[in-house]
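Pasted below: my_file.txt, compact mmCIF, C-alpha atoms and all ligand atoms.
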# COMPACT_ATOMS: atom_id res chain seq x y z
CA MET A 110 92.25 112.59 142.97
CA THR A 111 93.64 109.17 142.14
CA ASP A 112 91.67 106.18 143.27
CA LEU A 113 94.36 104.37 145.19
CA LYS A 114 92.56 101.05 145.03
CA ILE A 115 92.45 101.16 141.23
CA MET A 116 96.10 102.20 141.10
CA LYS A 117 97.08 99.25 143.24
CA GLU A 118 95.10 96.89 140.99
CA LYS A 119 96.83 98.31 137.92
CA ILE A 120 100.25 97.79 139.47
CA GLU A 121 99.40 94.17 140.24
CA ALA A 122 97.97 93.59 136.76
CA TYR A 123 101.05 95.03 135.03
CA LYS A 124 103.34 92.99 137.27
CA LYS A 125 101.57 89.86 136.16
CA GLN A 126 101.61 90.86 132.49
CA ILE A 127 105.35 91.62 132.66
CA GLN A 128 106.16 88.32 134.31
CA GLU A 129 104.13 86.35 131.79
CA SER A 130 105.41 88.14 128.67
CA VAL A 131 107.22 86.16 126.00
CA ALA A 132 108.99 87.39 122.88
CA ASN A 133 109.55 84.76 120.23
CA THR A 134 109.81 87.36 117.49
CA SER A 135 111.31 90.81 117.27
CA GLU A 136 107.76 92.18 116.78
CA GLN A 137 106.71 90.77 120.16
CA LEU A 138 109.83 92.22 121.75
CA GLU A 139 109.03 95.61 120.28
CA ASP A 140 105.44 95.40 121.58
CA PHE A 141 106.80 94.76 125.06
CA ARG A 142 109.19 97.67 124.79
CA LEU A 143 106.49 100.07 123.64
CA ARG A 144 104.11 99.01 126.40
CA PHE A 145 106.43 98.82 129.41
CA ILE A 146 109.74 100.53 128.64
CA SER A 147 109.13 103.43 126.29
CA ARG A 148 108.33 106.85 127.63
CA LYS A 149 104.91 106.65 126.02
CA GLY A 150 104.12 103.36 127.75
CA VAL A 151 101.80 102.49 130.62
CA LEU A 152 104.41 102.94 133.36
CA THR A 153 104.89 106.60 132.45
CA ASP A 154 101.14 107.06 132.91
CA LEU A 155 101.39 105.46 136.32
CA PHE A 156 104.25 107.74 137.34
CA ASP A 157 102.11 110.71 136.24
CA GLU A 158 99.28 109.46 138.36
CA PHE A 159 101.72 109.08 141.27
CA LYS A 160 102.08 112.85 141.42
CA THR A 161 98.53 113.11 142.78
CA VAL A 162 98.93 110.40 145.42
CA PRO A 163 98.48 111.87 148.95
CA ASN A 164 101.72 112.44 150.82
CA ASP A 165 101.13 109.79 153.46
CA GLN A 166 100.81 107.13 150.72
CA LYS A 167 103.71 108.30 148.56
CA ARG A 168 106.29 106.14 150.27
CA PHE A 169 104.34 102.95 149.64
CA PHE A 170 103.31 103.67 146.05
CA GLY A 171 106.69 105.11 145.19
CA SER A 172 108.44 101.94 146.16
CA GLU A 173 105.79 99.77 144.41
CA LEU A 174 106.27 101.73 141.18
CA ASN A 175 110.05 101.51 141.34
CA VAL A 176 109.85 97.75 141.82
CA LEU A 177 107.51 97.53 138.82
CA LYS A 178 109.83 99.62 136.67
CA GLN A 179 112.84 97.51 137.62
CA LEU A 180 110.85 94.35 136.91
CA ALA A 181 110.00 95.63 133.42
CA GLN A 182 113.62 96.52 132.68
CA ASP A 183 114.97 93.18 133.91
CA LYS A 184 112.34 91.33 131.92
CA PHE A 185 113.17 93.31 128.81
CA LYS A 186 116.85 92.35 129.11
CA ASP A 187 115.85 88.69 129.50
CA LEU A 188 113.58 88.83 126.47
CA VAL A 189 116.33 90.40 124.33
CA ALA A 190 118.82 87.76 125.43
CA SER A 191 116.53 84.80 124.89
CA LEU A 192 115.43 86.04 121.47
CA GLU A 193 119.05 86.39 120.35
CA GLU A 194 119.85 82.96 121.68
CA GLY A 195 116.85 81.53 119.83
CA ASN A 196 117.99 83.14 116.60
CA THR A 197 121.50 81.81 116.86
CA LYS A 198 120.16 78.36 117.72
CA GLU A 199 118.00 78.46 114.62
CA GLU A 200 120.91 79.65 112.51
CA ALA A 201 123.10 76.91 113.90
CA ALA A 202 120.44 74.36 112.99
CA ILE A 203 120.82 75.30 109.29
CA ASP A 204 124.25 74.46 107.98
CA VAL A 205 124.24 75.96 104.51
CA THR A 206 127.45 74.16 103.60
CA LEU A 207 125.88 70.71 103.93
CA PRO A 208 125.03 68.87 100.68
CA SER A 209 121.31 68.86 99.89
CA LEU A 210 119.30 65.86 101.06
CA THR A 211 116.72 66.35 98.31
CA SER A 212 117.40 66.72 94.60
CA LYS A 213 120.44 68.58 93.34
CA GLY A 214 119.94 71.40 90.87
CA THR A 215 120.85 70.83 87.24
CA ILE A 216 121.40 73.20 84.36
CA HIS A 217 118.22 73.62 82.35
CA PRO A 218 118.42 71.76 79.02
CA LEU A 219 117.85 74.99 77.12
CA SER A 220 120.77 76.64 78.91
CA GLN A 221 122.92 73.60 78.22
CA VAL A 222 122.20 73.79 74.50
CA LYS A 223 122.61 77.58 74.47
CA ASN A 224 125.97 77.33 76.27
CA ARG A 225 127.16 74.71 73.83
CA ILE A 226 126.12 76.86 70.85
CA ILE A 227 127.94 79.84 72.35
CA GLN A 228 131.04 77.74 72.93
CA ILE A 229 131.13 76.53 69.31
CA PHE A 230 130.76 80.03 67.87
CA GLU A 231 133.16 81.62 70.34
CA ARG A 232 135.83 79.26 69.06
CA GLN A 233 135.19 80.66 65.59
CA GLY A 234 135.77 84.20 66.84
CA PHE A 235 132.16 85.26 67.53
CA SER A 236 131.41 87.36 70.61
CA VAL A 237 128.12 87.19 72.50
CA LYS A 238 125.79 90.20 72.43
CA ASP A 239 122.53 91.00 74.13
CA GLY A 240 119.60 93.26 73.26
CA PRO A 241 116.20 94.37 74.60
CA GLU A 242 113.13 92.14 74.58
CA ILE A 243 110.84 95.17 74.60
CA GLU A 244 111.56 96.81 71.30
CA ASP A 245 110.37 99.51 68.94
CA ASP A 246 109.08 99.02 65.43
CA PHE A 247 112.24 100.44 63.88
CA HIS A 248 114.63 97.85 65.35
CA ASN A 249 112.30 94.86 65.05
CA PHE A 250 110.98 95.58 61.55
CA THR A 251 111.74 98.79 59.67
CA ALA A 252 115.54 98.72 59.88
CA LEU A 253 115.40 95.03 58.93
CA ASN A 254 113.84 95.98 55.62
CA PHE A 255 110.26 95.03 56.44
CA PRO A 256 108.34 97.60 54.37
CA GLU A 257 105.45 99.45 56.03
CA ASN A 258 102.19 97.47 55.64
CA HIS A 259 104.05 94.72 53.81
CA PRO A 260 102.68 91.21 54.30
CA ALA A 261 106.15 90.11 55.45
CA ARG A 262 105.29 91.73 58.81
CA GLU A 263 102.46 89.24 59.09
CA MET A 264 104.96 86.37 59.02
CA GLN A 265 105.50 87.03 62.69
CA ASP A 266 102.45 87.53 64.89
CA THR A 267 103.42 90.37 67.13
CA TYR A 268 102.49 91.25 70.70
CA PHE A 269 102.11 95.01 70.80
CA ILE A 270 102.52 96.84 74.10
CA GLU A 271 101.64 100.23 72.65
CA LYS A 272 100.52 101.45 69.25
CA ASN A 273 101.72 104.69 67.63
CA PRO A 274 104.57 104.79 68.15
CA ASP A 275 104.76 101.02 68.25
CA VAL A 276 106.28 99.35 71.28
CA LEU A 277 106.31 95.57 71.06
CA LEU A 278 107.81 92.35 72.34
CA ARG A 279 110.51 91.44 69.85
CA THR A 280 109.45 88.68 67.48
CA HIS A 281 113.02 87.62 66.76
CA THR A 282 116.59 88.27 67.89
CA SER A 283 117.35 90.05 64.59
CA ASN A 284 116.71 93.35 66.39
CA VAL A 285 120.12 92.93 68.07
CA GLN A 286 121.81 92.98 64.64
CA ILE A 287 120.50 96.52 64.22
CA ARG A 288 121.38 97.58 67.76
CA LEU A 289 124.90 96.28 67.19
CA MET A 290 125.50 97.85 63.81
CA GLU A 291 123.93 101.27 64.43
CA HIS A 292 126.37 101.96 67.25
CA GLY A 293 129.60 100.56 65.87
CA LYS A 294 131.89 100.14 62.95
CA PRO A 295 132.54 96.88 61.01
CA PRO A 296 133.83 94.27 61.41
CA PHE A 297 131.02 92.65 63.44
CA ARG A 298 131.19 89.02 64.36
CA SER A 299 128.65 88.19 67.06
CA ILE A 300 126.01 85.76 68.11
CA MET A 301 122.97 86.99 69.99
CA PRO A 302 120.99 84.50 72.03
CA GLY A 303 117.75 85.56 73.68
CA ARG A 304 114.05 85.16 74.23
CA VAL A 305 111.48 86.15 71.61
CA TYR A 306 107.68 86.38 71.63
CA ARG A 307 104.96 85.52 69.12
CA ASN A 308 101.23 85.78 69.41
CA GLU A 309 100.63 82.13 68.57
CA ALA A 310 98.39 79.40 69.93
CA ILE A 311 100.40 77.22 72.30
CA SER A 312 100.80 73.60 71.20
CA ALA A 313 103.38 70.82 71.31
CA ARG A 314 105.17 72.45 68.34
CA ALA A 315 104.72 76.18 69.00
CA HIS A 316 104.85 78.51 71.99
CA CYS A 317 104.14 82.20 72.51
CA PHE A 318 107.69 82.63 73.80
CA PHE A 319 110.86 80.80 72.86
CA ASN A 320 114.59 81.38 72.39
CA GLN A 321 116.64 82.09 69.34
CA VAL A 322 120.26 82.60 68.58
CA GLU A 323 121.10 85.13 65.93
CA GLY A 324 124.44 85.29 64.13
CA LEU A 325 125.99 88.19 62.27
CA TYR A 326 129.27 88.58 60.44
CA VAL A 327 129.96 91.84 58.59
CA ASP A 328 133.29 92.80 57.08
CA ARG A 329 134.88 93.48 53.73
CA ASN A 330 134.50 90.59 51.25
CA VAL A 331 132.26 88.34 53.31
CA SER A 332 130.59 85.86 50.98
CA PHE A 333 128.03 83.07 50.99
CA LYS A 334 130.80 80.51 51.24
CA ASP A 335 131.81 81.96 54.62
CA LEU A 336 128.22 81.46 55.75
CA LYS A 337 128.22 77.87 54.50
CA GLN A 338 131.50 76.99 56.12
CA THR A 339 130.60 78.59 59.46
CA LEU A 340 127.31 76.72 59.70
CA TYR A 341 128.80 73.48 58.39
CA HIS A 342 131.40 73.56 61.15
CA PHE A 343 128.72 74.43 63.72
CA SER A 344 126.46 71.54 62.66
CA ARG A 345 129.26 68.99 62.79
CA GLU A 346 130.31 70.18 66.25
CA LEU A 347 126.78 70.13 67.64
CA PHE A 348 125.25 67.12 65.90
CA GLY A 349 128.28 64.96 65.08
CA LYS A 350 131.08 64.71 62.55
CA GLY A 351 129.05 62.94 59.88
CA THR A 352 126.48 65.72 59.67
CA GLN A 353 125.77 67.10 56.20
CA ILE A 354 124.30 70.52 55.59
CA ARG A 355 122.17 71.91 52.76
CA PHE A 356 120.74 75.34 51.96
CA ARG A 357 117.26 75.73 50.49
CA PRO A 358 116.35 79.02 48.78
CA SER A 359 113.95 81.02 50.90
CA PHE A 360 112.86 84.56 51.67
CA PHE A 361 113.57 86.92 54.56
CA PRO A 362 113.25 90.69 54.17
CA PHE A 363 116.63 91.26 55.83
CA THR A 364 118.72 88.90 53.71
CA GLU A 365 119.31 88.58 49.98
CA PRO A 366 119.77 85.83 48.92
CA SER A 367 118.09 83.94 51.77
CA ALA A 368 118.27 80.27 52.61
CA GLU A 369 116.75 77.79 55.00
CA ILE A 370 119.38 75.65 56.75
CA ASP A 371 118.84 71.89 56.80
CA ILE A 372 121.08 69.27 58.34
CA SER A 373 121.13 65.59 57.48
CA CYS A 374 119.01 63.69 59.99
CA PHE A 375 121.36 62.60 62.75
CA ILE A 376 118.88 60.02 63.98
CA CYS A 377 118.59 57.90 60.83
CA GLY A 378 121.71 59.24 59.08
CA GLY A 379 119.57 60.38 56.17
CA ASP A 380 117.71 57.12 55.51
CA GLY A 381 114.37 58.53 56.65
CA CYS A 382 112.63 58.34 60.04
CA LYS A 383 109.87 59.93 62.10
CA ILE A 384 112.03 62.88 63.21
CA CYS A 385 112.87 63.91 59.63
CA LYS A 386 109.45 62.86 58.32
CA ASN A 387 111.22 60.42 55.99
CA THR A 388 113.03 63.17 54.11
CA GLY A 389 116.46 62.53 55.59
CA TRP A 390 116.79 66.27 56.42
CA VAL A 391 115.74 68.48 59.31
CA GLU A 392 115.51 72.26 59.27
CA ILE A 393 117.44 74.14 61.96
CA GLY A 394 117.03 77.80 60.97
CA GLY A 395 117.20 80.58 58.43
CA SER A 396 120.14 82.46 56.97
CA GLY A 397 121.37 84.65 54.15
CA MET A 398 123.52 87.54 53.04
CA VAL A 399 122.64 90.73 54.90
CA ASP A 400 120.45 92.83 52.59
CA PRO A 401 122.30 96.04 51.57
CA ASN A 402 119.25 98.02 52.77
CA VAL A 403 119.84 96.73 56.28
CA LEU A 404 123.48 97.80 56.24
CA GLU A 405 122.52 101.22 54.91
CA SER A 406 119.80 101.72 57.54
CA CYS A 407 122.56 101.27 60.13
CA GLY A 408 124.83 103.75 58.39
CA ILE A 409 127.17 101.13 56.92
CA ASP A 410 128.38 101.53 53.34
CA SER A 411 127.02 98.47 51.53
CA LYS A 412 129.49 98.97 48.67
CA GLU A 413 132.40 98.54 51.02
CA TYR A 414 130.98 95.93 53.38
CA SER A 415 128.98 92.73 53.09
CA GLY A 416 127.85 90.20 55.64
CA PHE A 417 125.96 87.06 56.44
CA ALA A 418 123.36 86.41 59.12
CA PHE A 419 121.50 83.45 60.48
CA GLY A 420 118.87 82.70 63.10
CA MET A 421 117.97 79.46 64.85
CA GLY A 422 115.42 78.39 67.44
CA ILE A 423 117.16 77.05 70.55
CA GLU A 424 114.15 74.98 71.63
CA ARG A 425 113.99 73.46 68.17
CA ILE A 426 117.64 72.46 68.32
CA ALA A 427 117.25 71.06 71.85
CA MET A 428 114.15 69.12 70.75
CA LEU A 429 116.06 67.60 67.86
CA LYS A 430 119.16 66.86 69.89
CA TYR A 431 117.37 65.21 72.80
CA GLN A 432 114.29 64.04 70.85
CA ILE A 433 111.87 66.03 72.97
CA GLY A 434 108.36 65.88 71.54
CA ASP A 435 106.72 68.87 73.23
CA ILE A 436 108.04 72.45 73.40
CA ARG A 437 105.86 73.20 76.45
CA LEU A 438 108.08 70.99 78.61
CA PHE A 439 110.82 73.64 78.57
CA SER A 440 108.75 76.14 80.52
CA GLU A 441 106.70 73.90 82.79
CA ASN A 442 109.48 73.30 85.33
CA ASP A 443 108.44 69.70 85.89
CA LEU A 444 111.31 68.11 87.83
CA ARG A 445 110.64 64.72 86.20
CA PHE A 446 111.58 66.34 82.90
CA LEU A 447 114.40 68.58 84.12
CA GLN A 448 116.17 65.84 86.09
CA GLN A 449 116.81 63.90 82.89
CA PHE A 450 119.41 66.42 81.77
N1 LIG B 1 114.60 86.28 62.20
C1 LIG B 1 114.19 85.04 61.55
C2 LIG B 1 112.98 84.45 62.24
O1 LIG B 1 112.75 84.73 63.38
C3 LIG B 1 115.31 84.04 61.58
C4 LIG B 1 116.43 84.47 60.71
C5 LIG B 1 116.45 84.07 59.39
C6 LIG B 1 117.44 85.27 61.17
C7 LIG B 1 117.47 84.43 58.57
C8 LIG B 1 118.47 85.66 60.35
C9 LIG B 1 118.47 85.22 59.03
O2 LIG B 1 119.46 86.42 60.74
O3 LIG B 1 119.50 85.60 58.21
O4 LIG B 1 112.27 83.70 61.64
Encoded form (structure tokens):
Amino acid sequence: MTDLKIMKEKIEAYKKQIQESVANTSEQLEDFRLRFISRKGVLTDLFDEFKTVPNDQKRFFGSELNVLKQLAQDKFKDLVASLEEGNTKEEAAIDVTLPSLTSKGTIHPLSQVKNRIIQIFERQGFSVKDGPEIEDDFHNFTALNFPENHPAREMQDTYFIEKNPDVLLRTHTSNVQIRLMEHGKPPFRSIMPGRVYRNEAISARAHCFFNQVEGLYVDRNVSFKDLKQTLYHFSRELFGKGTQIRFRPSFFPFTEPSAEIDISCFICGGDGCKICKNTGWVEIGGSGMVDPNVLESCGIDSKEYSGFAFGMGIERIAMLKYQIGDIRLFSENDLRFLQQF
């Protein structure tokens, strides 16, 4: 038997709760709906209880319950309307087309230099290609003529993700040369910008991640003079018309012969300064003629085709171009640095 006094108190309490409800968020609106509108809510319980109310009281409680139910439904409509109005007011308060009052975004200096490099090579007929940063041993080392257990592999301190079979973070963009050549037919004429990783102590001069741009040109009768001319043109475009270029004999497993690329110091014009350590020259990357072993490991006949390749550090070039003394600045996102570009 329902205690009519308690039922009356409940009706009064719910009335008050309904009248005082607010919904500033859709979660609060949903809470209201579950409690007072849904069929699993408290009003359904009350209507169940109503079935046991004695007949002489049914008229009174019936009308009380109907009033309560109507109150809940009206309130729910109000809450929905005011929440929608609030949302549109808030949306109206944010005009996304207005110019920013705080700082405007700029293109990161590394992207600026990368875009400029791409532009210069695109004008010489190079396309832009991309490759994976997580790489296997074959594409990062073996196909590039790094012999198993050869000390040349130690030239680049590698981050391994898994051992046997090796999965690693690429140490250079030269992996994209392999990815390009193994799935296509010459001629290839591409540059491949991207991020690389080395297990190195971080300092002003070195970082555990940085960006390189790789270049590859493979066709019939490609010679060292094509390499020289391509990079000479590039250097003059990027660093200025008076720039001189020189090649120093070097060693890379994937090129034979190999050469380090130096440009005449564009700060002092070759007279000697701090940037070029008084030598008049600064190094910008490595290069060489693609080793026949590399061509063969990609299924390309090295008797028919030859090619040149080069690789440069984009941070290094940006540091030279803008005289930035610390490589860490590129990844620290300090607005005082970024806003200068
Ligand atoms: N992969 C070399 C490095 O990371 C750079 C490089 C040198 C790339 C000579 C080349 C090249 O393609 O021919 O140190």
>> How would you report the residues lying within 9 Å of ligand LIG 1 (chain B), as a ChimeraX atom specification, if you count all atoms listed in the file?
In response: /A:264-265,280-284,286,305,321-325,360-365,367-369,394-399,417-422
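Between CA of Ile354 in chain A and CA of Asp435 in chain A the separation is 25.0 Å.
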> Which residues come within 8 Å of Phe318 in chain A, counting all atoms listed in the file, excluding same-chain residues fewer than 3 positions away, as number ranges by chain?
Replying inline: A: 304-307
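Considering only C-alpha atoms, the residue among A:Trp390, A:Thr339, A:Met428, A:Lys334 positioned nearest to Arg357 in chain A is A:Trp390.
Distances here use all atoms listed in the file; by that measure, the residue among A:Arg288, A:Arg142, A:Leu444, A:Ser135 closest to Leu192 in chain A is A:Ser135.
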>> Using Å and a single decimal, report how far CA of Asp154 in chain A sits from CA of Phe170 in chain A.
In response: 13.7 Å
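One finds CA of Met301 in chain A at 8.5 Å from CA of Ser236 in chain A.
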Missing atoms of range 390-404 of chain A rebuilt to N, CA and C atoms, written as a compact mmCIF listing (two decimals), keeping the file's coordinate frame:
# COMPACT_ATOMS: atom_id res chain seq x y z
N TRP A 390 116.28 64.94 56.05
CA TRP A 390 116.79 66.27 56.42
C TRP A 390 115.91 66.91 57.48
N VAL A 391 116.53 67.69 58.37
CA VAL A 391 115.74 68.48 59.31
C VAL A 391 116.20 69.94 59.25
N GLU A 392 115.21 70.83 59.37
CA GLU A 392 115.51 72.26 59.27
C GLU A 392 115.96 72.78 60.63
N ILE A 393 117.01 73.58 60.66
CA ILE A 393 117.44 74.14 61.96
C ILE A 393 117.39 75.66 62.02
N GLY A 394 117.13 76.33 60.88
CA GLY A 394 117.03 77.80 60.97
C GLY A 394 117.06 78.46 59.61
N GLY A 395 117.15 79.80 59.65
CA GLY A 395 117.20 80.58 58.43
C GLY A 395 118.52 81.34 58.35
N SER A 396 118.85 81.78 57.12
CA SER A 396 120.14 82.46 56.97
C SER A 396 120.15 83.26 55.66
N GLY A 397 121.23 83.95 55.42
CA GLY A 397 121.37 84.65 54.15
C GLY A 397 122.45 85.71 54.21
N MET A 398 122.59 86.41 53.09
CA MET A 398 123.52 87.54 53.04
C MET A 398 122.76 88.79 53.45
N VAL A 399 123.33 89.55 54.37
CA VAL A 399 122.64 90.73 54.90
C VAL A 399 122.24 91.65 53.73
N ASP A 400 120.96 91.97 53.67
CA ASP A 400 120.45 92.83 52.59
C ASP A 400 121.15 94.20 52.68
N PRO A 401 121.62 94.74 51.53
CA PRO A 401 122.30 96.04 51.57
C PRO A 401 121.45 97.12 52.25
N ASN A 402 120.12 97.03 52.10
CA ASN A 402 119.25 98.02 52.77
C ASN A 402 119.43 98.02 54.27
N VAL A 403 119.67 96.84 54.83
CA VAL A 403 119.84 96.73 56.28
C VAL A 403 121.14 97.42 56.70
N LEU A 404 122.19 97.15 55.93
CA LEU A 404 123.48 97.80 56.24
C LEU A 404 123.33 99.31 56.16
